[in-house]
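Source file: target.txt; contents: compact mmCIF, C-alpha atoms.
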```
# COMPACT_ATOMS: atom_id res chain seq x y z
CA MET A 1 89.42 102.71 100.72
CA GLU A 2 86.85 102.83 103.53
CA ASN A 3 88.36 99.82 105.29
CA ALA A 4 91.90 101.18 105.13
CA PHE A 5 93.59 102.21 108.34
CA ASP A 6 94.20 105.92 108.64
CA ILE A 7 96.84 107.33 110.96
CA GLY A 8 94.27 109.91 112.04
CA LYS A 9 92.12 107.14 113.53
CA ILE A 10 94.86 106.20 116.00
CA ASN A 11 93.89 108.59 118.76
CA ARG A 12 93.22 106.50 121.88
CA ILE A 13 96.38 104.69 122.94
CA LEU A 14 96.83 102.21 125.78
CA ILE A 15 100.15 101.73 127.56
CA PRO A 16 100.23 98.68 129.86
CA THR A 17 102.75 99.71 132.50
CA ASN A 18 105.48 97.78 134.28
CA LYS A 19 108.78 98.44 136.03
CA ASN A 20 110.71 98.40 132.81
CA PRO A 21 113.69 100.66 131.98
CA LEU A 22 112.36 100.82 128.40
CA MET A 23 109.14 102.52 129.47
CA GLU A 24 110.56 106.04 129.21
CA LYS A 25 111.93 105.46 125.70
CA SER A 26 108.66 103.84 124.66
CA ILE A 27 106.61 106.78 125.88
CA ASP A 28 108.99 109.21 124.21
CA PHE A 29 108.68 107.29 120.93
CA ILE A 30 104.90 106.90 120.91
CA THR A 31 104.13 110.46 121.98
CA ASN A 32 106.38 111.75 119.19
CA LEU A 33 104.40 109.61 116.74
CA PHE A 34 100.99 110.60 118.10
CA PRO A 35 101.28 113.91 120.00
CA ASP A 36 97.54 114.61 119.83
CA ALA A 37 96.31 111.20 121.03
CA ILE A 38 94.72 110.50 124.40
CA TYR A 39 96.81 108.13 126.50
CA TYR A 40 95.51 105.47 128.89
CA THR A 41 97.55 103.40 131.32
CA VAL A 42 96.76 100.12 133.02
CA GLY A 43 98.72 98.03 135.52
CA VAL A 44 97.77 94.43 136.16
CA VAL A 45 98.47 92.45 139.32
CA ASP A 46 99.00 88.98 137.89
CA ILE A 47 96.87 86.22 139.47
CA SER A 48 97.56 83.62 136.79
CA GLY A 49 99.72 80.51 136.90
CA GLU A 50 102.43 80.53 139.56
CA SER A 51 101.08 83.80 140.92
CA VAL A 52 98.01 81.99 142.21
CA LEU A 53 100.26 79.77 144.30
CA LEU A 54 102.08 82.81 145.61
CA TYR A 55 98.80 84.41 146.61
CA THR A 56 97.89 81.22 148.47
CA SER A 57 101.26 81.06 150.21
CA TYR A 58 101.75 84.72 151.07
CA SER A 59 98.14 85.89 151.17
CA SER A 60 97.51 89.64 151.31
CA ASP A 61 101.16 90.56 151.92
CA TYR A 62 102.20 89.45 148.45
CA LEU A 63 99.14 91.06 146.92
CA ASP A 64 99.92 94.37 148.63
CA VAL A 65 103.53 94.36 147.42
CA MET A 66 102.54 93.63 143.82
CA GLU A 67 99.80 96.25 143.86
CA SER A 68 102.25 98.80 145.27
CA LEU A 69 104.70 98.08 142.45
CA GLU A 70 101.96 98.49 139.84
CA LYS A 71 100.90 101.82 141.37
CA GLU A 72 104.49 103.00 141.27
CA ALA A 73 104.84 101.95 137.62
CA ILE A 74 101.64 103.78 136.65
CA ASN A 75 102.66 106.94 138.49
CA GLU A 76 106.05 106.91 136.77
CA ALA A 77 104.39 106.48 133.36
CA LEU A 78 101.94 109.31 134.07
CA GLU A 79 104.81 111.62 135.00
CA MET A 80 106.59 110.75 131.77
CA LEU A 81 103.42 111.46 129.78
CA LYS A 82 102.95 114.80 131.55
CA LYS A 83 106.52 115.82 130.74
CA LYS A 84 105.77 115.14 127.09
CA GLY A 85 102.64 117.29 127.28
CA ALA A 86 100.46 114.30 126.38
CA LYS A 87 96.71 114.22 126.87
CA ILE A 88 95.96 111.72 129.62
CA GLY A 89 92.74 109.75 129.83
CA ASP A 90 91.97 107.10 132.41
CA SER A 91 94.44 104.96 134.36
CA CYS A 92 93.73 101.98 136.55
CA ILE A 93 95.15 99.02 138.43
CA ALA A 94 93.40 95.69 138.03
CA LYS A 95 93.87 92.17 139.31
CA GLY A 96 93.59 89.32 136.86
CA PHE A 97 95.16 87.46 133.99
CA PRO A 98 97.34 90.16 132.34
CA SER A 99 96.54 89.64 128.66
CA LYS A 100 92.82 89.12 129.23
CA THR A 101 92.61 92.13 131.56
CA ILE A 102 94.49 94.43 129.18
CA LEU A 103 92.36 93.44 126.19
CA SER A 104 89.15 93.84 128.20
CA TYR A 105 90.23 97.30 129.34
CA SER A 106 91.15 98.32 125.80
CA LYS A 107 87.69 97.32 124.57
CA LYS A 108 85.98 99.19 127.40
CA LYS A 109 87.90 102.40 126.62
CA ASN A 110 87.61 102.11 122.82
CA ILE A 111 91.40 101.93 122.47
CA ASN A 112 92.72 101.78 118.90
CA LEU A 113 96.41 101.07 119.58
CA ILE A 114 98.15 99.08 122.32
CA VAL A 115 101.82 99.81 123.01
CA LEU A 116 103.61 96.67 124.18
CA THR A 117 106.93 97.19 125.89
CA THR A 118 108.18 93.76 126.78
CA SER A 119 109.91 93.18 130.09
CA SER A 120 111.74 90.14 128.78
CA LYS A 121 115.52 90.20 129.06
CA ILE A 122 118.25 89.37 126.61
CA GLY A 123 120.06 86.24 127.69
CA ALA A 124 122.48 83.71 126.31
CA GLU A 125 119.85 82.48 123.85
CA GLY A 126 118.83 85.96 122.78
CA PHE A 127 115.64 87.94 123.37
CA LYS A 128 112.48 85.88 123.85
CA LEU A 129 108.96 87.19 123.43
CA GLY A 130 107.15 87.30 126.78
CA SER A 131 103.98 85.24 127.23
CA THR A 132 101.71 88.20 128.07
CA VAL A 133 102.83 90.19 125.01
CA LYS A 134 102.48 87.10 122.81
CA ARG A 135 98.93 86.44 124.01
CA ILE A 136 97.90 90.05 123.45
CA ILE A 137 99.24 89.98 119.89
CA GLU A 138 97.44 86.68 119.24
CA LYS A 139 94.07 87.84 120.55
CA SER A 140 93.98 91.59 119.90
CA LYS A 141 91.63 92.87 117.22
CA ILE A 142 93.25 96.31 117.17
CA PRO A 143 96.79 97.32 116.13
CA THR A 144 99.67 96.67 118.50
CA LEU A 145 103.03 98.44 118.58
CA LEU A 146 105.91 96.24 119.71
CA ILE A 147 109.01 97.69 121.36
CA THR A 148 111.68 95.29 122.57
CA PRO A 149 114.99 95.62 124.44
CA ILE A 150 116.85 95.78 121.11
CA SER A 151 114.56 98.29 119.37
CA ARG A 152 116.22 101.49 118.20
CA TYR A 153 114.31 104.74 117.85
CA ASN A 154 114.83 106.98 114.84
CA GLN A 155 112.83 109.69 113.18
CA ILE A 156 110.53 107.94 110.73
CA LYS A 157 111.81 108.39 107.21
CA LYS A 158 111.76 104.85 105.82
CA ILE A 159 108.94 102.36 106.44
CA LEU A 160 109.23 98.63 105.81
CA ASN A 161 106.01 96.83 104.89
CA PRO A 162 106.38 93.03 104.70
CA SER A 163 103.37 91.60 102.86
CA SER A 164 101.95 88.17 102.16
CA GLY A 165 99.26 89.49 99.85
CA SER A 166 96.43 88.82 102.32
CA LYS A 167 93.57 91.26 102.92
CA TYR A 168 95.10 92.12 106.29
CA SER A 169 98.42 92.80 104.58
CA PHE A 170 96.56 95.21 102.29
CA ARG A 171 95.32 97.16 105.31
CA ALA A 172 98.85 97.28 106.72
CA SER A 173 100.11 98.58 103.38
CA MET A 174 97.47 101.30 103.36
CA LEU A 175 98.48 102.36 106.85
CA SER A 176 102.15 102.34 105.78
CA ILE A 177 101.33 104.76 102.96
CA ASN A 178 99.35 107.00 105.31
CA PHE A 179 102.26 106.97 107.77
CA ALA A 180 104.62 107.91 104.97
CA LYS A 181 102.43 110.83 103.96
CA HIS A 182 102.20 112.06 107.55
CA PHE A 183 105.93 111.82 108.25
CA ASN A 184 107.18 112.67 104.75
CA ALA A 185 108.68 109.20 104.55
CA SER A 186 108.98 106.42 101.94
CA VAL A 187 107.57 102.89 101.95
CA LYS A 188 109.12 99.65 100.80
CA MET A 189 106.77 96.71 100.43
CA LEU A 190 108.57 93.39 100.69
CA HIS A 191 106.14 91.01 99.01
CA PHE A 192 106.61 87.32 99.79
CA GLY A 193 106.52 85.44 96.49
CA LYS A 194 105.32 86.44 93.04
CA ILE A 195 102.51 89.00 93.10
CA LYS A 196 99.24 87.34 92.06
CA ASN A 197 96.71 90.03 92.89
CA LYS A 198 97.74 92.73 90.42
CA SER A 199 94.62 94.83 91.03
CA LEU A 200 95.42 95.10 94.75
CA ILE A 201 98.95 96.27 93.99
CA ASP A 202 97.64 98.75 91.42
CA THR A 203 95.28 100.13 94.06
CA LEU A 204 98.19 100.63 96.46
CA LYS A 205 100.37 102.22 93.79
CA ASN A 206 97.63 104.62 92.76
CA TYR A 207 96.86 105.52 96.36
CA ALA A 208 100.53 106.22 97.09
CA LYS A 209 100.80 108.28 93.90
CA SER A 210 97.74 110.32 94.87
CA LEU A 211 99.46 111.21 98.15
CA ASP A 212 102.83 111.80 96.49
CA VAL A 213 104.40 108.99 98.52
CA ASN A 214 107.44 107.07 97.28
CA PHE A 215 106.17 103.45 97.26
CA GLU A 216 108.66 100.73 96.25
CA ILE A 217 107.80 97.06 95.81
CA GLU A 218 110.17 94.09 95.87
CA GLU A 219 108.98 90.56 95.15
CA TYR A 220 111.01 88.13 97.23
CA GLU A 221 110.81 84.55 96.02
CA GLY A 222 113.56 83.12 98.21
CA THR A 223 113.06 80.86 101.22
CA ALA A 224 115.11 82.77 103.80
CA LEU A 225 112.25 85.08 104.75
CA LEU A 226 113.46 85.83 108.27
CA LYS A 227 116.95 86.77 107.12
CA LYS A 228 115.56 88.95 104.31
CA ILE A 229 113.16 90.86 106.59
CA LEU A 230 115.86 91.48 109.20
CA GLU A 231 118.33 92.66 106.56
CA GLU A 232 115.76 95.11 105.20
CA SER A 233 114.85 96.31 108.69
CA GLU A 234 118.43 97.48 109.22
CA ASN A 235 117.77 100.23 106.66
CA HIS A 236 114.33 101.26 107.91
CA ASP A 237 112.87 103.06 110.94
CA ILE A 238 109.62 101.20 111.60
CA MET A 239 107.96 98.03 110.33
CA ILE A 240 104.22 97.96 109.64
CA ALA A 241 102.83 94.54 108.89
CA SER A 242 99.87 92.25 109.34
CA ARG A 243 99.61 89.60 112.00
CA GLY A 244 97.40 87.72 109.55
CA ARG A 245 98.94 85.54 106.91
CA ARG A 246 97.89 83.07 104.25
CA GLY A 247 97.59 79.45 105.26
CA PHE A 248 95.17 76.80 106.47
CA SER A 249 96.08 77.05 110.16
CA TYR A 250 95.37 80.80 110.36
CA LYS A 251 91.69 80.15 109.59
CA PHE A 252 91.38 78.45 112.99
CA ARG A 253 92.78 81.39 115.00
CA TYR A 254 89.40 82.08 116.66
CA PHE A 255 89.35 78.59 118.16
CA SER A 256 93.08 78.46 118.90
CA PRO A 257 94.48 82.03 119.18
CA GLU A 258 98.07 80.76 119.16
CA LEU A 259 97.59 80.00 115.45
CA ALA A 260 97.28 83.75 114.79
CA LEU A 261 101.00 84.26 115.28
CA GLY A 262 103.33 82.02 113.33
CA GLU A 263 106.94 81.18 114.08
CA LEU A 264 108.21 83.60 111.41
CA GLU A 265 106.26 86.53 112.89
CA LYS A 266 107.41 85.64 116.38
CA GLU A 267 111.07 85.51 115.33
CA VAL A 268 110.82 88.81 113.45
CA ILE A 269 109.48 90.49 116.59
CA GLU A 270 112.23 88.99 118.72
CA LEU A 271 115.07 89.89 116.36
CA SER A 272 114.03 93.13 114.67
CA LYS A 273 115.95 96.21 115.78
CA ILE A 274 113.13 98.59 114.86
CA PRO A 275 109.65 99.01 116.38
CA ILE A 276 106.93 96.90 114.75
CA MET A 277 103.29 97.82 114.32
CA LEU A 278 101.03 94.85 113.69
CA ILE A 279 97.60 95.24 112.12
CA ASN A 280 95.19 92.59 113.33
CA GLU A 281 91.58 92.16 112.28
```

Take the structure from the file and write it as structure tokens.
Amino acid sequence: MENAFDIGKINRILIPTNKNPLMEKSIDFITNLFPDAIYYTVGVVDISGESVLLYTSYSSDYLDVMESLEKEAINEALEMLKKKGAKIGDSCIAKGFPSKTILSYSKKKNINLIVLTTSSKIGAEGFKLGSTVKRIIEKSKIPTLLITPISRYNQIKKILNPSSGSKYSFRASMLSINFAKHFNASVKMLHFGKIKNKSLIDTLKNYAKSLDVNFEIEEYEGTALLKKILEESENHDIMIASRGRRGFSYKFRYFSPELALGELEKEVIELSKIPIMLINE
């Protein structure tokens, strides 16, 4: 049990800010989940990719405009946090590669949850996961909470826990049970394939029983995993899952971080209508 995630350990939360209309709803949602946490905000002036060319072309003028926008976004987020009565820690504006800067800041401040509110828009092809959010998910070693333009926000009463049976999935299941205890909710584990590790499942069942948590398990042996997860998510309020998954390619995630997030996980994030918390390593 000592390696299990406990909701009580999520007490230092980072909110990367941006000029996003979803920011207010995201702050409202996260502060309702963790009213006693300390909140940190960071805004990043992007100097990666095309932005480097813009800096070269427009020099300090462009830099000043972008920094001004980041300051405005941070100030707006801080006001929202104050209205919610949240405890506010540090806030800063940095220049750099967004994902790298955010992860570096989170390590420096001992953050244990990063709230990712994507600024991507819904277009003709549907919502697409932004590159910065994707890179943070791929490289983060702490949990991330994903809120997209199509996320709905309900009181947490039903928790969906997709599981591949990996050790990281076990940690996500433990956190799901702890969430359920805290919010007086139920948990449904959607296990991909026939359960092989019976002892792990027995451990989860016994833990849920000890906390008086309703813990349901469904073994799904079909091939339409994406469709099944999305159908289940329609009847739940939050999804808690592992970024990690079984498979040969995942073992090389430290050398190629993009292997840490598969196509299935990416599509679930893009299409799910409920917030998703991902447990990393």

Self-check item: Nearby residues (all atoms listed in the file) at most 10 Å from Thr118 of chain A, same-chain spacing under 4 positions excluded, as a PyMOL selection string
Solution: chain A and resi 16-18+20+22-23+128-134+146-149

Quiz item: Which one is closest to Ile114 of chain A: A:Ala37, A:Cys92, A:Ile136, A:Ile47? Count all atoms listed in the file.
Solution: A:Ile136

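Among the candidate residues A:Glu67, A:Pro35, A:Ser242, A:Lys188, the one lying nearest to Ile142 of chain A is A:Ser242, with distances computed using all atoms listed in the file.
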
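Using only C-alpha atoms, the nearest neighbour of Tyr168 of chain A within the list A:Arg243, A:Lys227, A:Lys95, A:His182 is A:Arg243.
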
Practice problem: Could you tell me which of A:Met277, A:Leu33, A:Glu138, A:Ser26 comes closest to Ser173 of chain A if we count all atoms listed in the file? | Solution: A:Met277

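Residues within 10 Å of Met66 of chain A, counting only C-alpha atoms and excluding same-chain residues fewer than 6 positions away, are Val44, Val45, Asp46, Ser60, Glu72 and Lys95 of chain A.
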
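Taking atom CA of Lys82 of chain A and atom CA of Asn11 of chain A as endpoints, the distance between them is 16.9 Å.
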
Quiz item: Out of A:Lys205, A:Lys84, A:Ile274, A:Ser169, which residue has the shortest atom-to-atom distance to His236 of chain A when counting only C-alpha atoms?
Solution: A:Ile274

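Compared by their closest atoms to Asp90 of chain A, and using only C-alpha atoms, the residues A:Asn32, A:Thr117, A:Thr41, A:Ser151 rank with A:Thr41 nearest.
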
Quiz item: Separation of atom CA of Thr31 of chain A and atom CA of Ile177 of chain A, in Å?
Solution: 20.1 Å

Quiz item: Ala180 of chain A: which residues within 10 Å, counting all atoms listed in the file, same-chain residues fewer than 6 positions away excluded, as a ChimeraX atom specification?
Solution: /A:7,156-159,174,186-187,208,211-215

Please produce a file of those selected residues containing C-alpha atoms, as a short mmCIF file (atom, residue, chain, number, x, y, z; two decimals), keeping the file's coordinate frame.
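again_5.cif, freshly written:
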```cif
data_model
loop_
_atom_site.label_atom_id
_atom_site.label_comp_id
_atom_site.auth_asym_id
_atom_site.auth_seq_id
_atom_site.Cartn_x
_atom_site.Cartn_y
_atom_site.Cartn_z
CA ILE A 7 96.84 107.33 110.96
CA ILE A 156 110.53 107.94 110.73
CA LYS A 157 111.81 108.39 107.21
CA LYS A 158 111.76 104.85 105.82
CA ILE A 159 108.94 102.36 106.44
CA MET A 174 97.47 101.30 103.36
CA SER A 186 108.98 106.42 101.94
CA VAL A 187 107.57 102.89 101.95
CA ALA A 208 100.53 106.22 97.09
CA LEU A 211 99.46 111.21 98.15
CA ASP A 212 102.83 111.80 96.49
CA VAL A 213 104.40 108.99 98.52
CA ASN A 214 107.44 107.07 97.28
CA PHE A 215 106.17 103.45 97.26
#
```
